[in-house]
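Student: Data: model_14.cif, mmCIF, C-alpha atoms and all ligand atoms.
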data_target
#
loop_
_atom_site.label_atom_id
_atom_site.label_comp_id
_atom_site.auth_asym_id
_atom_site.auth_seq_id
_atom_site.Cartn_x
_atom_site.Cartn_y
_atom_site.Cartn_z
CA MET A 1 10.37 5.39 -19.73
CA ILE A 2 9.63 4.41 -16.12
CA LYS A 3 8.56 0.77 -15.81
CA ILE A 4 6.38 -0.66 -13.04
CA TYR A 5 6.27 -4.46 -12.78
CA GLY A 6 3.41 -6.31 -11.12
CA VAL A 7 -0.27 -7.07 -11.67
CA ARG A 8 -2.53 -4.41 -10.21
CA GLN A 9 -4.17 -7.08 -7.98
CA SER A 10 -1.00 -7.03 -5.87
CA ARG A 11 1.11 -4.57 -3.90
CA ALA A 12 2.11 -3.16 -7.30
CA MET A 13 -1.14 -1.24 -7.09
CA ARG A 14 0.59 1.02 -4.54
CA ALA A 15 3.25 2.12 -7.02
CA LEU A 16 0.66 2.52 -9.78
CA TRP A 17 -1.35 4.78 -7.45
CA VAL A 18 1.64 7.06 -6.80
CA ALA A 19 2.56 7.15 -10.49
CA GLU A 20 -1.00 8.17 -11.35
CA GLU A 21 -1.20 10.81 -8.61
CA LEU A 22 2.08 12.30 -9.91
CA GLY A 23 0.84 12.20 -13.51
CA LEU A 24 3.90 10.24 -14.64
CA GLN A 25 4.34 8.64 -18.03
CA TYR A 26 5.11 5.01 -17.30
CA GLU A 27 4.86 1.54 -18.72
CA HIS A 28 2.92 -0.98 -16.66
CA ILE A 29 4.25 -4.52 -17.03
CA PRO A 30 1.62 -6.71 -15.35
CA THR A 31 4.00 -9.40 -14.08
CA SER A 32 2.08 -12.14 -12.32
CA PHE A 33 3.38 -13.76 -9.15
CA SER A 34 1.08 -16.79 -9.37
CA ASP A 35 2.22 -18.22 -12.71
CA GLY A 36 5.99 -18.19 -12.19
CA ASP A 37 6.83 -14.88 -13.94
CA THR A 38 8.54 -13.54 -10.83
CA GLN A 39 10.81 -16.58 -10.65
CA LYS A 40 12.19 -16.21 -14.17
CA LYS A 41 15.92 -15.44 -14.47
CA ASP A 42 15.48 -12.00 -16.03
CA TYR A 43 12.98 -10.96 -13.39
CA LEU A 44 15.19 -12.22 -10.55
CA THR A 45 18.00 -9.96 -11.76
CA LEU A 46 15.62 -7.05 -11.07
CA ASN A 47 14.34 -8.34 -7.74
CA PRO A 48 16.22 -11.33 -6.28
CA ASN A 49 13.29 -11.79 -3.85
CA GLY A 50 11.06 -12.82 -6.75
CA ARG A 51 8.28 -10.49 -5.70
CA VAL A 52 6.31 -7.60 -7.12
CA PRO A 53 6.37 -4.66 -7.40
CA VAL A 54 9.59 -3.51 -9.01
CA LEU A 55 10.26 -0.04 -10.35
CA VAL A 56 12.82 0.60 -13.08
CA ASP A 57 13.31 4.34 -13.41
CA GLU A 58 14.15 5.99 -16.73
CA ASP A 59 17.83 6.25 -15.76
CA GLY A 60 17.93 2.51 -14.98
CA THR A 61 17.64 2.80 -11.19
CA VAL A 62 15.92 -0.30 -9.82
CA ILE A 63 13.88 -0.14 -6.60
CA TRP A 64 11.85 -2.91 -4.98
CA GLU A 65 9.68 -2.89 -1.81
CA SER A 66 6.40 -1.15 -2.51
CA GLN A 67 6.66 1.58 0.09
CA ALA A 68 10.28 2.36 -0.81
CA ILE A 69 9.22 2.71 -4.46
CA ASN A 70 6.52 5.17 -3.42
CA ILE A 71 8.85 7.25 -1.28
CA TYR A 72 11.45 7.30 -4.06
CA LEU A 73 8.89 8.45 -6.67
CA ALA A 74 7.48 11.08 -4.31
CA MET A 75 10.97 12.40 -3.57
CA LYS A 76 12.14 12.41 -7.18
CA TYR A 77 9.14 13.61 -9.15
CA ASP A 78 7.65 16.96 -8.27
CA GLY A 79 3.97 16.56 -7.57
CA GLY A 80 3.48 17.59 -3.96
CA LEU A 81 3.52 14.06 -2.53
CA TRP A 82 6.80 14.50 -0.65
CA PRO A 83 6.35 16.76 2.40
CA THR A 84 8.48 19.90 2.42
CA SER A 85 9.71 20.02 6.02
CA LEU A 86 12.29 17.55 7.31
CA ALA A 87 10.03 16.77 10.28
CA ASP A 88 7.13 15.87 7.98
CA GLN A 89 9.46 13.84 5.76
CA GLY A 90 10.65 11.91 8.83
CA ASN A 91 7.05 11.33 9.87
CA ALA A 92 6.11 10.13 6.37
CA VAL A 93 8.85 7.49 6.61
CA GLN A 94 7.82 6.69 10.19
CA TRP A 95 4.17 5.98 9.26
CA SER A 96 5.25 3.98 6.20
CA PHE A 97 7.42 1.72 8.38
CA TRP A 98 4.69 1.59 11.02
CA VAL A 99 1.99 0.38 8.67
CA MET A 100 4.27 -2.34 7.29
CA THR A 101 5.46 -3.59 10.68
CA GLU A 102 2.39 -3.12 12.89
CA ILE A 103 -0.50 -3.61 10.48
CA GLU A 104 0.33 -5.33 7.20
CA THR A 105 0.94 -8.96 8.22
CA LEU A 106 -2.06 -9.10 10.56
CA LEU A 107 -4.38 -7.47 8.06
CA LEU A 108 -3.15 -9.78 5.31
CA ASP A 109 -4.10 -12.75 7.49
CA VAL A 110 -7.59 -11.28 7.84
CA LEU A 111 -7.81 -10.68 4.09
CA LEU A 112 -6.60 -14.17 3.19
CA HIS A 113 -8.66 -16.08 5.73
CA ARG A 114 -11.81 -14.07 5.40
CA ARG A 115 -11.90 -13.53 1.68
CA ALA A 116 -9.01 -14.48 -0.59
CA LEU A 117 -8.30 -18.16 0.18
CA PRO A 118 -10.65 -20.96 -0.88
CA GLU A 119 -13.16 -21.53 1.93
CA ASP A 120 -11.74 -24.92 2.91
CA GLN A 121 -8.32 -23.35 3.54
CA ARG A 122 -9.55 -20.53 5.78
CA ASP A 123 -8.77 -20.37 9.49
CA PRO A 124 -11.45 -18.33 11.30
CA GLU A 125 -9.47 -18.51 14.58
CA LEU A 126 -6.56 -16.71 12.92
CA VAL A 127 -8.92 -13.96 11.79
CA LEU A 128 -10.12 -13.48 15.37
CA THR A 129 -6.64 -13.38 16.91
CA SER A 130 -5.36 -11.03 14.19
CA LEU A 131 -8.29 -8.67 14.69
CA GLU A 132 -7.62 -8.72 18.43
CA GLU A 133 -3.96 -7.82 17.89
CA LEU A 134 -4.92 -5.05 15.48
CA LYS A 135 -6.98 -3.24 18.10
CA ALA A 136 -3.96 -1.50 19.65
CA PRO A 137 -2.36 -0.14 16.44
CA PHE A 138 -5.82 0.73 15.04
CA SER A 139 -6.39 2.84 18.16
CA VAL A 140 -3.01 4.53 17.68
CA ILE A 141 -3.81 5.79 14.18
CA ASN A 142 -7.41 6.54 15.07
CA LYS A 143 -6.20 8.88 17.82
CA HIS A 144 -3.57 10.39 15.52
CA LEU A 145 -6.26 11.22 12.95
CA GLU A 146 -8.72 12.71 15.46
CA ASP A 147 -7.57 16.26 14.82
CA ARG A 148 -6.09 16.05 11.34
CA GLU A 149 -7.19 15.41 7.80
CA PHE A 150 -3.96 13.80 6.59
CA VAL A 151 -1.42 11.43 8.11
CA VAL A 152 1.36 14.03 7.90
CA GLY A 153 1.16 17.83 7.72
CA ASN A 154 -1.75 19.67 6.17
CA SER A 155 -1.95 18.10 2.74
CA PHE A 156 -2.26 14.78 0.95
CA SER A 157 1.12 13.06 0.71
CA VAL A 158 2.86 9.76 0.08
CA ALA A 159 2.24 8.97 3.76
CA ASP A 160 -1.52 8.86 3.09
CA ILE A 161 -0.96 6.60 0.08
CA ASN A 162 1.37 4.21 1.90
CA VAL A 163 -0.83 3.91 4.98
CA ALA A 164 -4.15 3.77 3.07
CA SER A 165 -2.90 1.19 0.58
CA VAL A 166 -2.43 -1.25 3.47
CA PHE A 167 -5.61 -0.21 5.29
CA SER A 168 -7.64 -0.65 2.10
CA TRP A 169 -7.41 -4.39 2.83
CA ALA A 170 -9.62 -3.69 5.86
CA LEU A 171 -12.31 -2.39 3.49
CA VAL A 172 -12.03 -5.40 1.21
CA SER A 173 -12.23 -7.78 4.17
CA LYS A 174 -15.09 -5.83 5.74
CA VAL A 175 -13.34 -5.18 9.05
CA ASP A 176 -15.67 -3.30 11.38
CA LEU A 177 -14.13 0.19 11.67
CA ASP A 178 -17.01 1.69 13.67
CA PRO A 179 -14.88 1.77 16.86
CA TYR A 180 -12.31 3.87 14.93
CA PRO A 181 -14.33 6.73 13.39
CA SER A 182 -11.38 9.01 12.60
CA LEU A 183 -9.55 6.17 10.87
CA GLU A 184 -12.69 5.18 9.00
CA GLY A 185 -13.42 8.76 7.84
CA TRP A 186 -9.84 9.34 6.71
CA LEU A 187 -9.72 5.99 4.88
CA LYS A 188 -12.97 6.67 3.03
CA ASN A 189 -11.70 10.10 2.06
CA ILE A 190 -8.32 8.90 0.78
CA THR A 191 -9.67 5.84 -1.04
CA SER A 192 -12.36 7.93 -2.75
CA ARG A 193 -9.65 9.62 -4.81
CA PRO A 194 -10.13 8.79 -8.50
CA LYS A 195 -6.48 7.75 -8.86
CA PHE A 196 -6.91 5.11 -6.15
CA LYS A 197 -9.74 3.53 -8.11
CA LEU A 198 -7.80 3.82 -11.35
CA ALA A 199 -4.74 2.11 -9.84
CA ALA A 200 -6.83 -0.65 -8.26
CA THR A 201 -9.09 -1.42 -11.20
CA GLY A 202 -7.47 0.09 -14.27
CA LYS A 203 -10.79 1.86 -14.93
CA ARG A 204 -11.37 5.61 -14.94
N1 LIG A 301 7.33 -6.24 1.26
C1 LIG A 301 7.14 -6.43 -0.15
C2 LIG A 301 6.21 -7.60 -0.35
C3 LIG A 301 6.05 -7.95 -1.82
C4 LIG A 301 5.18 -9.17 -2.00
O1 LIG A 301 5.13 -10.07 -1.15
N2 LIG A 301 4.49 -9.19 -3.14
C5 LIG A 301 3.67 -10.35 -3.45
C6 LIG A 301 2.45 -9.93 -4.27
S1 LIG A 301 1.46 -8.76 -3.43
C7 LIG A 301 4.49 -11.32 -4.27
O2 LIG A 301 5.17 -10.92 -5.19
N3 LIG A 301 4.44 -12.59 -3.93
C8 LIG A 301 5.10 -13.61 -4.69
C9 LIG A 301 5.65 -14.68 -3.83
O3 LIG A 301 5.52 -14.57 -2.60
O4 LIG A 301 6.21 -15.61 -4.39
C10 LIG A 301 6.58 -5.15 -0.77
O5 LIG A 301 5.85 -4.44 -0.08
O6 LIG A 301 6.89 -4.84 -1.94
#
Please rewrite the model in this file as structure tokens.
Tutor:
Amino acid sequence: MIKIYGVRQSRAMRALWVAEELGLQYEHIPTSFSDGDTQKKDYLTLNPNGRVPVLVDEDGTVIWESQAINIYLAMKYDGGLWPTSLADQGNAVQWSFWVMTEIETLLLDVLLHRRALPEDQRDPELVLTSLEELKAPFSVINKHLEDREFVVGNSFSVADINVASVFSWALVSKVDLDPYPSLEGWLKNITSRPKFKLAATGKR
């Protein structure tokens, strides 16, 4: 059976979301990254980076990097998450790289320093500079979504999951999305899917 390693309060949630959307049978192994589980010898043979998530497919294929796992699952398992045209497939990869390189680190700083870290370890200046830097890429996707319902093509795909799973940190950290109404509307729509909630909370 497919195995997905990583607590759901981590980037493993992304892989759980795809697995749920595809209706896959899988085993969730809630490996924690805060109590040393990811540094154990057996785990490091799966992912030498010592991070979650990791996917072990039923044929033994091992994939790490959350967005790569999602693309792999969408490509392999029929469920409509992998776009059909080569152009849309290329764009799905493009937006997945984009969200990781242009958005993720900055938004993680906002999440950590506005919400996740203990108050005495937070740096409000870093939040302000990160939010400033995010204005340009936020405007890029806001414009892209002005005349479309989904990130790629005309239907929900792995591109929506990969981009929304990073942008969901903006919701948790209460980033003001009013200046980006298309982004905000799309994000609310995608994160209102029952399988998003199930992957994030474990509750139906
Ligand atoms: N780029 C990687 C990042 C993975 C990552 O940093 N995961 C965190 C949890 S969300 C982790 O395992 N951290 C453990 C550590 O840094 O030691 C991905 O998207 O899969």
Student: Which is closest to Asn47 in chain A among A:Thr101, A:Gln25, A:Ser66, A:Ser157, if we use all atoms listed in the file?
Tutor: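 Checking each of A:Thr101, A:Gln25, A:Ser66, A:Ser157 against Asn47 in chain A, counting all atoms listed in the file, the winner is A:Ser66.
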Student: Around (2.2, 8.3, -13.4) in the file's frame, which residues reach within 10 Å when counting only C-alpha atoms? Return as number ranges by chain?
Tutor: A: 2, 4, 15-28, 73, 77, 195, 199
Student: Fewer than 5 positions away in the same chain doesn't count, so skip those; otherwise give me all residues within 8 Å of Arg114 in chain A, counting all atoms listed in the file, as a PDB file with C-alpha atoms, keeping the file's coordinate frame.
Tutor:
ATOM      1  CA  ARG A 122      -9.550 -20.530   5.780  1.00  0.00           C
ATOM      2  CA  PRO A 124     -11.450 -18.330  11.300  1.00  0.00           C
ATOM      3  CA  VAL A 127      -8.920 -13.960  11.790  1.00  0.00           C
ATOM      4  CA  SER A 173     -12.230  -7.780   4.170  1.00  0.00           C
TER       5      SER A 173
END
Student: Could you please extract the residues within 10 Å of ligand LIG 301 (chain A), counting all atoms listed in the file, and hand them back as JSON, numbers by chain?
Tutor: {"A": [6, 7, 8, 9, 10, 11, 12, 13, 14, 15, 31, 32, 33, 34, 35, 36, 37, 38, 39, 47, 49, 50, 51, 52, 53, 54, 63, 64, 65, 66, 67, 68, 69, 100, 101, 104, 105, 108, 162, 166]}
Student: Find the residue from A:Asp109, A:Glu146, A:Asp178, A:Glu102 that sits nearest to Leu128 in chain A; use only C-alpha atoms when measuring.
Tutor: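 Checking each of A:Asp109, A:Glu146, A:Asp178, A:Glu102 against Leu128 in chain A, counting only C-alpha atoms, the winner is A:Asp109.
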Student: Residues at most 9 Å from Ile103 in chain A, counting only C-alpha atoms, excluding those fewer than 5 positions away in the same chain, as a PyMOL selection string?
Tutor: chain A and resi 98+108+134+137-138+166-167
Student: I'd like the interatomic distance between CA of Tyr5 in chain A and CA of Ile29 in chain A, to a tenth of an Å.
Tutor: 4.7 Å
Student: Calculated over all atoms listed in the file, which of the candidates A:Asp147, A:Phe97, A:Gly80, A:Val62 has the smallest distance to Tyr43 in chain A?
Tutor: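 The shortest atom-to-atom distance to Tyr43 in chain A comes from A:Val62.
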Student: Just how far from CA of Glu149 in chain A is CA of Glu133 in chain A, in Å to one decimal?
Tutor: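 Between CA of Glu133 in chain A and CA of Glu149 in chain A the gap works out to 25.5 Å.
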Student: Identify the residues around (-1.4, 9.7, 2.4) within a radius of 10 Å, measuring from only C-alpha atoms in the coordinates stated by the file, and give them as number ranges by chain.
Tutor: A: 81-82, 92, 95-96, 149-152, 155-165, 186-187, 190-191
Student: Please report the interatomic distance between CA of Asp123 in chain A and CA of Leu177 in chain A in Å with one decimal.
Tutor: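 Between these atoms lies a distance of 21.4 Å.
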Student: Between A:Gln121, A:Lys143, A:Ser168, A:Val93, which one has atoms that come closest to Ala200 in chain A, using only C-alpha atoms?
Tutor: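 Among A:Gln121, A:Lys143, A:Ser168, A:Val93, it is A:Ser168 that comes nearest to Ala200 in chain A.
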Student: Leaving out Thr129 in chain A and any residue of its chain fewer than 6 positions from it, which residues lie within 12 Å of it when counting only C-alpha atoms, given as a tab-separated table (two decimals) with C-alpha atoms, keeping the file's coordinate frame?
Tutor:
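For reference, result.tsv as written:
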chain	number	residue	atom	x	y	z
A	106	LEU	CA	-2.06	-9.10	10.56
A	107	LEU	CA	-4.38	-7.47	8.06
A	109	ASP	CA	-4.10	-12.75	7.49
A	110	VAL	CA	-7.59	-11.28	7.84
A	113	HIS	CA	-8.66	-16.08	5.73
A	123	ASP	CA	-8.77	-20.37	9.49
A	135	LYS	CA	-6.98	-3.24	18.10
